[in-house]
Structures are given as C-alpha cells and as structure tokens.
>>> print(open('final.cif').read())   # mmCIF, C-alpha atoms and all ligand atoms
data_structure
loop_
_atom_site.group_PDB
_atom_site.id
_atom_site.type_symbol
_atom_site.label_atom_id
_atom_site.label_comp_id
_atom_site.auth_asym_id
_atom_site.auth_seq_id
_atom_site.Cartn_x
_atom_site.Cartn_y
_atom_site.Cartn_z
ATOM 1 C CA MET A 1 0.000 0.000 0.000
ATOM 2 C CA PRO A 2 1.596 3.328 -1.025
ATOM 3 C CA ARG A 3 2.056 5.748 1.831
ATOM 4 C CA CYS A 4 2.468 9.526 1.803
ATOM 5 C CA LEU A 5 6.155 10.442 2.144
ATOM 6 C CA PHE A 6 5.337 13.456 4.277
ATOM 7 C CA CYS A 7 2.438 12.537 6.617
ATOM 8 C CA THR A 8 2.451 8.680 6.184
ATOM 9 C CA SER A 9 -1.305 8.578 5.403
ATOM 10 C CA GLU A 10 -2.331 5.643 3.189
ATOM 11 C CA LYS A 11 -5.372 7.454 1.799
ATOM 12 C CA ASN A 12 -4.820 8.815 -1.690
ATOM 13 C CA THR A 13 -6.499 9.485 -5.038
ATOM 14 C CA PRO A 14 -5.039 9.752 -8.553
ATOM 15 C CA SER A 15 -3.699 13.275 -9.159
ATOM 16 C CA TYR A 16 -4.074 15.540 -12.202
ATOM 17 C CA LEU A 17 -0.579 14.597 -13.391
ATOM 18 C CA PRO A 18 -0.541 12.045 -16.223
ATOM 19 C CA ASP A 19 1.216 8.684 -15.791
ATOM 20 C CA THR A 20 4.691 8.398 -17.207
ATOM 21 C CA HIS A 21 6.074 5.352 -19.041
ATOM 22 C CA PHE A 22 9.763 4.987 -18.352
ATOM 23 C CA ASN A 23 12.197 2.057 -18.574
ATOM 24 C CA ASN A 24 9.302 -0.329 -19.412
ATOM 25 C CA HIS A 25 7.384 0.652 -16.283
ATOM 26 C CA THR A 26 4.308 2.805 -15.757
ATOM 27 C CA PHE A 27 4.490 5.274 -12.895
ATOM 28 C CA GLN A 28 1.486 7.133 -11.610
ATOM 29 C CA TYR A 29 1.184 10.214 -9.420
ATOM 30 C CA LEU A 30 -1.047 9.893 -6.361
ATOM 31 C CA ARG A 31 -2.368 12.748 -4.247
ATOM 32 C CA CYS A 32 -2.424 12.311 -0.472
ATOM 33 C CA ASN A 33 -5.961 12.926 0.827
ATOM 34 C CA SER A 34 -4.585 14.198 4.087
ATOM 35 C CA CYS A 35 -1.784 16.688 3.269
ATOM 36 C CA GLY A 36 -2.130 17.122 -0.508
ATOM 37 C CA LEU A 37 1.359 15.873 -1.367
ATOM 38 C CA ILE A 38 1.563 14.309 -4.832
ATOM 39 C CA TYR A 39 3.910 11.334 -4.952
ATOM 40 C CA LEU A 40 5.091 8.712 -7.379
ATOM 41 C CA ASP A 41 3.766 5.154 -7.305
ATOM 42 C CA PRO A 42 5.631 2.851 -7.484
ATOM 43 C CA PHE A 43 9.029 4.287 -6.570
ATOM 44 C CA PRO A 44 11.778 3.643 -9.117
ATOM 45 C CA SER A 45 13.642 0.337 -8.677
ATOM 46 C CA ASP A 46 17.436 0.110 -8.442
ATOM 47 C CA GLU A 47 17.430 -0.695 -12.177
ATOM 48 C CA ASP A 48 15.318 2.394 -12.923
ATOM 49 C CA TYR A 49 17.683 4.558 -10.859
ATOM 50 C CA LYS A 50 20.653 3.294 -12.916
ATOM 51 C CA VAL A 51 18.903 4.468 -16.089
ATOM 52 C CA MET A 52 17.753 7.733 -14.455
ATOM 53 C CA TYR A 53 21.201 8.683 -13.206
ATOM 54 C CA PRO A 54 23.834 7.151 -15.538
ATOM 55 C CA PRO A 55 27.528 7.829 -14.786
ATOM 56 C CA THR A 56 27.425 10.580 -17.445
ATOM 57 C CA TYR A 57 24.885 12.468 -15.247
ATOM 58 C CA GLN A 58 27.877 14.047 -13.559
ATOM 59 C CA ALA A 59 31.310 14.619 -14.981
ATOM 60 C CA GLY A 60 34.106 16.408 -13.159
ATOM 61 C CA ALA A 61 34.201 19.556 -11.089
ATOM 62 C CA ASN A 62 33.165 23.055 -12.097
ATOM 63 C CA PRO A 63 35.505 25.366 -10.157
ATOM 64 C CA GLN A 64 34.244 28.546 -11.844
ATOM 65 C CA ILE A 65 33.651 31.482 -9.504
ATOM 66 C CA ILE A 66 30.117 32.816 -10.069
ATOM 67 C CA PRO A 67 28.981 36.417 -9.398
ATOM 68 C CA ASP A 68 26.858 36.609 -6.211
ATOM 69 C CA ASP A 69 23.784 37.913 -8.024
ATOM 70 C CA LEU A 70 23.834 35.566 -11.041
ATOM 71 C CA LYS A 71 20.672 33.518 -11.462
ATOM 72 C CA LEU A 72 21.907 30.119 -12.668
ATOM 73 C CA PRO A 73 19.775 28.338 -15.298
ATOM 74 C CA GLY A 74 16.904 26.449 -13.660
ATOM 75 C CA LEU A 75 17.521 27.937 -10.213
ATOM 76 C CA ARG A 76 15.655 30.857 -8.673
ATOM 77 C CA PHE A 77 17.890 32.041 -5.866
ATOM 78 C CA PRO A 78 21.423 33.239 -6.707
ATOM 79 C CA TYR A 79 24.388 32.170 -4.553
ATOM 80 C CA GLY A 80 24.278 35.658 -2.976
ATOM 81 C CA LYS A 81 20.976 34.710 -1.300
ATOM 82 C CA HIS A 82 22.611 31.578 0.125
ATOM 83 C CA TYR A 83 25.595 33.571 1.463
ATOM 84 C CA GLU A 84 23.219 36.060 3.085
ATOM 85 C CA LEU A 85 21.316 33.259 4.885
ATOM 86 C CA ILE A 86 24.512 31.421 5.848
ATOM 87 C CA GLU A 87 25.939 34.647 7.269
ATOM 88 C CA ARG A 88 22.743 35.336 9.224
ATOM 89 C CA TYR A 89 21.919 31.872 10.582
ATOM 90 C CA ALA A 90 25.020 29.660 10.592
ATOM 91 C CA PRO A 91 26.834 30.192 13.863
ATOM 92 C CA GLY A 92 30.155 28.803 12.575
ATOM 93 C CA LYS A 93 32.045 28.235 9.411
ATOM 94 C CA LYS A 94 31.873 24.489 8.856
ATOM 95 C CA LEU A 95 29.474 23.666 6.033
ATOM 96 C CA ALA A 96 28.523 20.646 3.911
ATOM 97 C CA ASP A 97 26.778 20.568 0.541
ATOM 98 C CA TYR A 98 24.677 17.385 0.368
ATOM 99 C CA GLY A 99 24.263 16.621 -3.341
ATOM 100 C CA CYS A 100 27.110 18.908 -4.369
ATOM 101 C CA GLY A 101 27.063 17.968 -8.091
ATOM 102 C CA HIS A 102 30.059 19.557 -9.797
ATOM 103 C CA ALA A 103 31.140 21.096 -6.469
ATOM 104 C CA ASN A 104 30.544 24.571 -7.851
ATOM 105 C CA PHE A 105 28.875 25.847 -4.676
ATOM 106 C CA VAL A 106 31.610 24.200 -2.546
ATOM 107 C CA VAL A 107 34.306 26.096 -4.457
ATOM 108 C CA ASN A 108 32.374 29.382 -4.385
ATOM 109 C CA VAL A 109 31.518 29.321 -0.679
ATOM 110 C CA MET A 110 35.125 28.403 0.187
ATOM 111 C CA ALA A 111 36.209 31.512 -1.722
ATOM 112 C CA LYS A 112 34.020 33.427 0.786
ATOM 113 C CA GLY A 113 36.079 32.063 3.682
ATOM 114 C CA TYR A 114 33.992 29.044 4.738
ATOM 115 C CA SER A 115 35.067 25.435 4.969
ATOM 116 C CA CYS A 116 32.733 23.156 2.992
ATOM 117 C CA ASP A 117 32.610 19.376 2.434
ATOM 118 C CA GLY A 118 30.764 17.852 -0.522
ATOM 119 C CA VAL A 119 28.548 14.761 -0.691
ATOM 120 C CA GLU A 120 27.522 12.855 -3.830
ATOM 121 C CA PHE A 121 26.096 9.434 -4.725
ATOM 122 C CA ASN A 122 28.518 8.169 -7.364
ATOM 123 C CA PRO A 123 31.844 6.939 -5.847
ATOM 124 C CA ASP A 124 33.694 7.442 -9.185
ATOM 125 C CA HIS A 125 32.484 11.028 -9.285
ATOM 126 C CA ILE A 126 33.718 11.500 -5.692
ATOM 127 C CA LYS A 127 37.192 10.335 -6.747
ATOM 128 C CA VAL A 128 37.278 12.928 -9.526
ATOM 129 C CA LEU A 129 36.068 15.710 -7.203
ATOM 130 C CA LYS A 130 38.755 14.842 -4.652
ATOM 131 C CA GLU A 131 41.415 15.187 -7.340
ATOM 132 C CA GLU A 132 40.053 18.365 -8.857
ATOM 133 C CA VAL A 133 39.104 20.242 -5.668
ATOM 134 C CA LYS A 134 41.910 19.418 -3.239
ATOM 135 C CA ALA A 135 40.945 21.999 -0.615
ATOM 136 C CA ALA A 136 37.624 20.276 0.220
ATOM 137 C CA ASP A 137 36.676 16.844 1.596
ATOM 138 C CA PHE A 138 34.202 14.747 -0.365
ATOM 139 C CA TYR A 139 32.093 11.793 0.815
ATOM 140 C CA SER A 140 29.785 9.289 -0.800
ATOM 141 C CA ILE A 141 26.216 9.287 0.549
ATOM 142 C CA PRO A 142 26.584 5.985 2.509
ATOM 143 C CA GLU A 143 29.859 7.248 4.059
ATOM 144 C CA PHE A 144 28.285 10.524 5.076
ATOM 145 C CA LEU A 145 25.108 9.003 6.546
ATOM 146 C CA ALA A 146 26.865 6.156 8.357
ATOM 147 C CA ASP A 147 28.503 8.691 10.663
ATOM 148 C CA LEU A 148 25.914 10.346 12.912
ATOM 149 C CA SER A 149 28.334 12.482 14.910
ATOM 150 C CA PRO A 150 27.646 16.233 14.900
ATOM 151 C CA LYS A 151 30.168 18.089 12.812
ATOM 152 C CA TYR A 152 28.551 20.854 10.747
ATOM 153 C CA ASP A 153 27.125 24.309 11.423
ATOM 154 C CA LEU A 154 25.104 24.200 8.230
ATOM 155 C CA ILE A 155 24.198 21.517 5.695
ATOM 156 C CA ARG A 156 22.848 22.684 2.359
ATOM 157 C CA LEU A 157 20.528 20.755 0.039
ATOM 158 C CA SER A 158 19.896 22.463 -3.273
ATOM 159 C CA TYR A 159 17.318 20.693 -5.456
ATOM 160 C CA VAL A 160 18.006 17.354 -3.758
ATOM 161 C CA LEU A 161 15.029 16.565 -1.493
ATOM 162 C CA GLU A 162 12.502 16.031 -4.314
ATOM 163 C CA HIS A 163 14.718 13.249 -5.740
ATOM 164 C CA LEU A 164 14.564 11.182 -2.536
ATOM 165 C CA ASP A 165 12.112 8.327 -1.940
ATOM 166 C CA HIS A 166 12.703 8.441 1.855
ATOM 167 C CA PRO A 167 13.110 12.185 2.513
ATOM 168 C CA LEU A 168 12.120 12.093 6.205
ATOM 169 C CA GLU A 169 14.752 9.501 7.119
ATOM 170 C CA ILE A 170 17.495 11.366 5.229
ATOM 171 C CA THR A 171 16.516 14.742 6.701
ATOM 172 C CA ARG A 172 16.655 13.284 10.233
ATOM 173 C CA LYS A 173 20.079 11.763 9.588
ATOM 174 C CA LEU A 174 21.336 15.105 8.317
ATOM 175 C CA ILE A 175 19.941 16.855 11.409
ATOM 176 C CA ALA A 176 21.991 14.409 13.512
ATOM 177 C CA ARG A 177 25.142 15.687 11.803
ATOM 178 C CA LEU A 178 24.531 19.295 12.906
ATOM 179 C CA ASN A 179 26.457 20.898 15.736
ATOM 180 C CA PRO A 180 24.334 22.403 18.546
ATOM 181 C CA GLY A 181 22.523 25.387 17.017
ATOM 182 C CA GLY A 182 23.300 24.098 13.509
ATOM 183 C CA VAL A 183 20.897 24.602 10.625
ATOM 184 C CA LEU A 184 19.756 23.005 7.372
ATOM 185 C CA LEU A 185 19.524 25.277 4.330
ATOM 186 C CA ILE A 186 17.183 23.707 1.787
ATOM 187 C CA GLU A 187 16.005 24.998 -1.566
ATOM 188 C CA GLY A 188 13.876 23.258 -4.146
ATOM 189 C CA PRO A 189 10.660 23.206 -6.110
ATOM 190 C CA ILE A 190 7.140 23.449 -4.674
ATOM 191 C CA GLU A 191 5.466 22.338 -7.848
ATOM 192 C CA THR A 192 1.866 22.323 -6.616
ATOM 193 C CA ASN A 193 2.032 25.693 -4.880
ATOM 194 C CA PRO A 194 -0.289 28.406 -6.229
ATOM 195 C CA SER A 195 0.966 30.498 -9.153
ATOM 196 C CA LEU A 196 -0.472 31.487 -12.515
ATOM 197 C CA ALA A 197 1.844 29.033 -14.324
ATOM 198 C CA PHE A 198 0.741 26.214 -11.983
ATOM 199 C CA TRP A 199 -2.961 26.809 -12.693
ATOM 200 C CA VAL A 200 -2.335 26.923 -16.445
ATOM 201 C CA ARG A 201 -0.407 23.629 -16.287
ATOM 202 C CA LYS A 202 -3.030 21.975 -14.118
ATOM 203 C CA MET A 203 -5.834 23.097 -16.426
ATOM 204 C CA TYR A 204 -3.901 21.802 -19.415
ATOM 205 C CA PHE A 205 -3.426 18.359 -17.832
ATOM 206 C CA LYS A 206 -7.104 18.215 -16.924
ATOM 207 C CA LEU A 207 -8.193 19.124 -20.447
ATOM 208 C CA VAL A 208 -5.758 16.842 -22.270
ATOM 209 C CA LYS A 209 -6.667 13.529 -20.680
ATOM 210 C CA ASN A 210 -4.770 10.318 -21.513
ATOM 211 C CA LYS A 211 -1.724 12.221 -22.647
ATOM 212 C CA ALA A 212 1.072 9.674 -22.500
ATOM 213 C CA ALA A 213 4.149 11.081 -20.816
ATOM 214 C CA THR A 214 7.562 9.462 -21.186
ATOM 215 C CA HIS A 215 9.735 11.616 -18.927
ATOM 216 C CA SER A 216 12.150 10.167 -16.392
ATOM 217 C CA PRO A 217 10.372 10.209 -13.001
ATOM 218 C CA THR A 218 13.279 11.918 -11.215
ATOM 219 C CA HIS A 219 11.005 13.986 -8.960
ATOM 220 C CA ILE A 220 9.529 11.541 -6.459
ATOM 221 C CA PHE A 221 7.121 14.051 -4.933
ATOM 222 C CA PHE A 222 5.483 17.411 -5.645
ATOM 223 C CA SER A 223 4.892 19.597 -2.618
ATOM 224 C CA ASN A 224 3.372 22.978 -1.808
ATOM 225 C CA ALA A 225 4.474 25.597 0.742
ATOM 226 C CA ARG A 226 2.143 24.259 3.452
ATOM 227 C CA ASN A 227 2.965 20.557 3.391
ATOM 228 C CA GLN A 228 6.662 21.298 2.797
ATOM 229 C CA ARG A 229 6.846 23.460 5.948
ATOM 230 C CA ASP A 230 4.915 20.834 7.951
ATOM 231 C CA PHE A 231 7.388 18.208 6.730
ATOM 232 C CA PHE A 232 10.375 20.147 8.104
ATOM 233 C CA LYS A 233 8.600 20.571 11.446
ATOM 234 C CA LYS A 234 7.879 16.830 11.599
ATOM 235 C CA ALA A 235 11.553 16.100 10.808
ATOM 236 C CA GLY A 236 12.574 18.041 13.938
ATOM 237 C CA LEU A 237 13.435 21.510 12.676
ATOM 238 C CA ASP A 238 12.357 24.942 13.890
ATOM 239 C CA GLU A 239 11.744 27.254 10.959
ATOM 240 C CA LEU A 240 13.919 30.375 10.869
ATOM 241 C CA HIS A 241 13.323 31.424 7.269
ATOM 242 C CA PHE A 242 10.919 30.446 4.488
ATOM 243 C CA GLU A 243 10.728 32.352 1.259
ATOM 244 C CA VAL A 244 8.896 31.602 -1.981
ATOM 245 C CA ALA A 245 9.801 32.687 -5.509
ATOM 246 C CA GLU A 246 8.442 31.954 -8.967
ATOM 247 C CA ASN A 247 10.814 30.360 -11.463
ATOM 248 C CA GLU A 248 10.106 29.872 -15.176
ATOM 249 C CA TRP A 249 10.830 26.128 -15.072
ATOM 250 C CA PRO A 250 9.321 23.894 -16.444
ATOM 251 C CA PHE A 251 8.292 26.627 -18.884
ATOM 252 C CA PRO A 252 10.976 28.172 -21.143
ATOM 253 C CA GLU A 253 13.300 30.657 -19.449
ATOM 254 C CA ASN A 254 13.941 32.785 -22.555
ATOM 255 C CA LEU A 255 12.381 33.355 -25.938
ATOM 256 C CA LYS A 256 15.187 31.458 -27.706
ATOM 257 C CA GLU A 257 14.169 28.198 -25.981
ATOM 258 C CA ALA A 258 10.466 28.793 -26.697
ATOM 259 C CA ALA A 259 9.723 26.698 -29.795
ATOM 260 C CA GLY A 260 6.585 27.428 -31.824
ATOM 261 C CA ILE A 261 3.350 29.062 -30.711
ATOM 262 C CA GLY A 262 2.990 26.667 -27.747
ATOM 263 C CA GLY A 263 6.473 27.554 -26.509
ATOM 264 C CA LYS A 264 5.838 31.298 -26.843
ATOM 265 C CA PHE A 265 2.558 30.909 -24.950
ATOM 266 C CA LYS A 266 4.346 29.093 -22.110
ATOM 267 C CA TRP A 267 7.124 31.700 -22.079
ATOM 268 C CA THR A 268 4.511 34.491 -21.818
ATOM 269 C CA ILE A 269 2.668 32.710 -18.991
ATOM 270 C CA ALA A 270 5.968 32.187 -17.123
ATOM 271 C CA LYS A 271 6.791 35.896 -17.494
ATOM 272 C CA ILE A 272 3.386 37.078 -16.214
ATOM 273 C CA SER A 273 3.487 34.472 -13.459
ATOM 274 C CA ARG A 274 6.839 35.814 -12.250
ATOM 275 C CA ALA A 275 5.585 39.403 -12.340
ATOM 276 C CA LEU A 276 2.486 38.452 -10.302
ATOM 277 C CA GLN A 277 4.682 36.833 -7.646
ATOM 278 C CA HIS A 278 6.031 40.277 -6.734
ATOM 279 C CA VAL A 279 2.465 41.202 -5.711
ATOM 280 C CA PHE A 280 1.298 37.855 -4.311
ATOM 281 C CA LYS A 281 4.326 36.862 -2.249
ATOM 282 C CA LYS A 282 2.991 33.431 -1.319
ATOM 283 C CA TRP A 283 2.615 32.390 -4.952
ATOM 284 C CA GLY A 284 5.562 30.667 -6.548
ATOM 285 C CA ASN A 285 7.050 27.305 -7.449
ATOM 286 C CA THR A 286 10.378 27.500 -5.584
ATOM 287 C CA PHE A 287 11.322 27.843 -1.918
ATOM 288 C CA ILE A 288 14.372 28.505 0.183
ATOM 289 C CA TYR A 289 14.281 27.432 3.818
ATOM 290 C CA ILE A 290 16.415 27.561 6.949
ATOM 291 C CA GLY A 291 15.583 25.347 9.926
ATOM 292 C CA ARG A 292 17.389 24.801 13.218
ATOM 293 C CA ARG A 293 17.570 21.450 14.963
ATOM 294 C CA ASN A 294 15.014 21.789 17.751
ATOM 295 C CA ASN A 295 15.523 21.026 21.435
ATOM 296 C CA ALA A 296 13.010 18.180 21.446
ATOM 297 C CA ARG A 297 15.489 16.010 19.581
HETATM 298 ZN ZN ZN A 301 0.295 13.274 3.215
#
>>> encode(input="final.cif", output="structure tokens")
Amino acid sequence: MPRCLFCTSEKNTPSYLPDTHFNNHTFQYLRCNSCGLIYLDPFPSDEDYKVMYPPTYQAGANPQIIPDDLKLPGLRFPYGKHYELIERYAPGKKLADYGCGHANFVVNVMAKGYSCDGVEFNPDHIKVLKEEVKAADFYSIPEFLADLSPKYDLIRLSYVLEHLDHPLEITRKLIARLNPGGVLLIEGPIETNPSLAFWVRKMYFKLVKNKAATHSPTHIFFSNARNQRDFFKKAGLDELHFEVAENEWPFPENLKEAAGIGGKFKWTIAKISRALQHVFKKWGNTFIYIGRRNNAR
C-alpha cells in the first residue's frame, strides 16, 4: 500500500498529473488525501535509478567562480541569497553541501572564507572531485550518513530533497550531523504551490486527458508551501526562514528556448506568473528554507 512520504497517510487518489512510461514501467502520481502531497507510485527500482542517473549524469568539477547575483539556469535564488542566509543563521564556518554535483557551490563558498565538504552518490564522481578540488573533503552518501556524529554548522541541500524516496529519514540523519545550534539550508521546487503558471499547467493536464508522458520520473514528490513546511517541522526543525519565488521552469526561461506558438505561450505565462509573484508573495514554485535542529530532539 503506497504511503504519503510526508504525513504517512495511506489514503490517496489519482492526481491531475498524467502517468509516465519509463524504462518499461508505468508510474502514476497519487495525491495524499490528508496533506495534498503528490507522490510517485511505485518508486523507481534500483534498475530504474541506474537508467535515471547514468555515470554521465555528472562529470568532473566546475571550479568557476560565479557572481553573487547571477541567477543560474533552472535555479531561482542566486548564490548571494545563500551567502546572506549562511551569514545570518550559521553560527560557525563548517558547512557541507549534500548533493554537491560539480562542487561549484563548494568552491564558491570556500572563496568566501567558509570550509565546505561535498557529498555525492557516485563513488567514481567522488574520486574525480577529490582530485580536482583538493581543498575540500568529499564523501559518498553511505559514508556521510553512516557517521551520525555532529560536525557541521550548516548543511545545504539544493534541489536534492525532491529526488529522494525516503526524505524524512534522510533529513533526520542530516539533522543528527549538525552541531548544537546548527541549521539546514534547503532549496527546491514546490510544484503544486499556487501560481499562474501552476494553474495553467493543471488546467492543461485536466483538459488533455490520456496524454502519454515518457519523462524520467526523477522527482519523487510534488509539494506545496504548506505541506513542505509541515514536513520540516515533523523532521525536527524549527523554521527560521521560508521564502517563496516563482521560477520559469518547467516553462521556457527565454524566448530562444520557446519553440513554436505553444512555446511562446508558455514563455509568456511564465513571465506574467513571475511578475504576479512580486504582488502575491505566497505564490511561486520554488522555496528557500532555513531550519534549526530543535531542542526536542
Ligand atoms: Zn500526506
């Protein structure tokens, strides 16, 4: 029986999102009757994960120093926002980036005077990162989670949580690795949170029934601001900061990427949706969060 990843309720109904056929399996998206989380059923198997994240998914380090205010493709909050929150809420200078990818954030935050370790899932990729970024320590996920001793003032997860099929367990293990007063900095999508672009997408899926999707089901769940904040509370964190922003994704970010009339329509909707977010601050499909390990744990 599938269970909600956030509130553990077993009561669900099919969601508006169409099934996806991937790696000879059909995955559907269920909506939790209790908290509204949409989650994948079934979860990908080990074989599916190998196809979803082949070794070519990550290659080498990217040591490029990025301007603080640059909005990277697909992300809403520039590194400058992260530095501001780290400065305000992290009591010390020992950081870790869980799901560090090409170690670009690790390199950039070290240039700001912090110490930062990186964590990634592919052991071969870890070897390459260790060679290319000698100033930082890198760990595989099992290595990092096997050790539950407090060590960090802040652990960052940027667009990681939504890829996990046991997010509560991982979040709790990461909390265990925080020093007293330590915080988690988490950013990611809230794909079912109100925004103009969300309503347009939802209406489209409702109108175009039986549309066969074939995308890789990399996002295991789709949250909104409310159930996402409740999830962090349940994990054992006290909220210090929660901010929402509207990002173009999955609609085209610029006119060049917008193919045909459909693409231009989506680009226009994304643009209006972003403008509206400046008025309706709670609308938006992206969040950035800071939570402190609470005393109850
Ligand atoms: Zn739920």
>>> resolve_selection(input="final.cif", expression="the PyMOL selection byres (((chain A and resi 82-87) around 10) and not hetatm)", output="PyMOL selection string")
chain A and resi 68+77-81+88-93+95+105+108-109+112+114+153-156+183-187+240-241+288-290
>>> closest_atom_pairs(input="final.cif", of="segment 162-218 of chain A", to="segment 22-36 of chain A", cutoff="12 Å", atoms="only C-alpha atoms", output="CSV")
residue,atom,partner,partner_atom,distance
A:Ile190,CA,A:Gly36,CA,12.0
A:Glu191,CA,A:Gly36,CA,11.8
A:Thr192,CA,A:Gly36,CA,9.0
A:Asn193,CA,A:Gly36,CA,10.5
A:Ala212,CA,A:Thr26,CA,10.2
A:Ala213,CA,A:Phe22,CA,8.6
A:Thr214,CA,A:Phe22,CA,5.7
A:His215,CA,A:Phe22,CA,6.7
A:Ser216,CA,A:Phe22,CA,6.0
A:Pro217,CA,A:Phe22,CA,7.5
A:Thr218,CA,A:Phe22,CA,10.6
>>> closest_atom_pairs(input="final.cif", of="segment 170-283 of chain A", to="segment 124-142 of chain A", cutoff="12 Å", atoms="only C-alpha atoms", output="tab-separated table")
residue	atom	partner	partner_atom	distance
A:Ile170	CA	A:Ile141	CA	10.1
A:Lys173	CA	A:Ile141	CA	11.2
A:Leu174	CA	A:Ile141	CA	10.9
>>> closest_residue(input="final.cif", among="A:Ala146, A:Leu164, A:Met1, A:Leu37", to="ligand ZN 301 (chain A)", atoms="only C-alpha atoms and all ligand atoms")
A:Leu37
>>> resolve_selection(input="final.cif", expression="the PyMOL selection byres (((chain A and resi 227) around 8) and not hetatm)", output="PyMOL selection string")
chain A and resi 6+35-37+223-226+228-231
>>> atom_distance(input="final.cif", atom1="atom CA of Asn285 of chain A", atom2="atom CA of Glu246 of chain A")
5.1 Å
>>> closest_residue(input="final.cif", among="A:Ser158, A:Asn254, A:Gln58, A:Ser273", to="Val200 of chain A", atoms="only C-alpha atoms")
A:Ser273
>>> closest_residue(input="final.cif", among="A:Trp249, A:Phe222, A:Tyr16, A:Tyr57", to="ligand ZN 301 (chain A)", atoms="only C-alpha atoms and all ligand atoms")
A:Phe222
>>> atom_distance(input="final.cif", atom1="atom CA of Leu237 of chain A", atom2="atom CA of Asp147 of chain A")
19.9 Å
>>> atom_distance(input="final.cif", atom1="atom CA of Lys50 of chain A", atom2="atom CA of Thr8 of chain A")
26.9 Å
>>> closest_residue(input="final.cif", among="A:Gly113, A:Gly118, A:Pro18, A:Pro54", to="Leu40 of chain A", atoms="only C-alpha atoms")
A:Pro18
>>> axis_aligned_box(input="final.cif", around="segment 285-293 of chain A", padding_each_side="5 Å", output="lines of an AutoDock Vina configuration file")
center_x = 12.3
center_y = 25.0
center_z = 3.8
size_x = 20.5
size_y = 17.1
size_z = 32.4
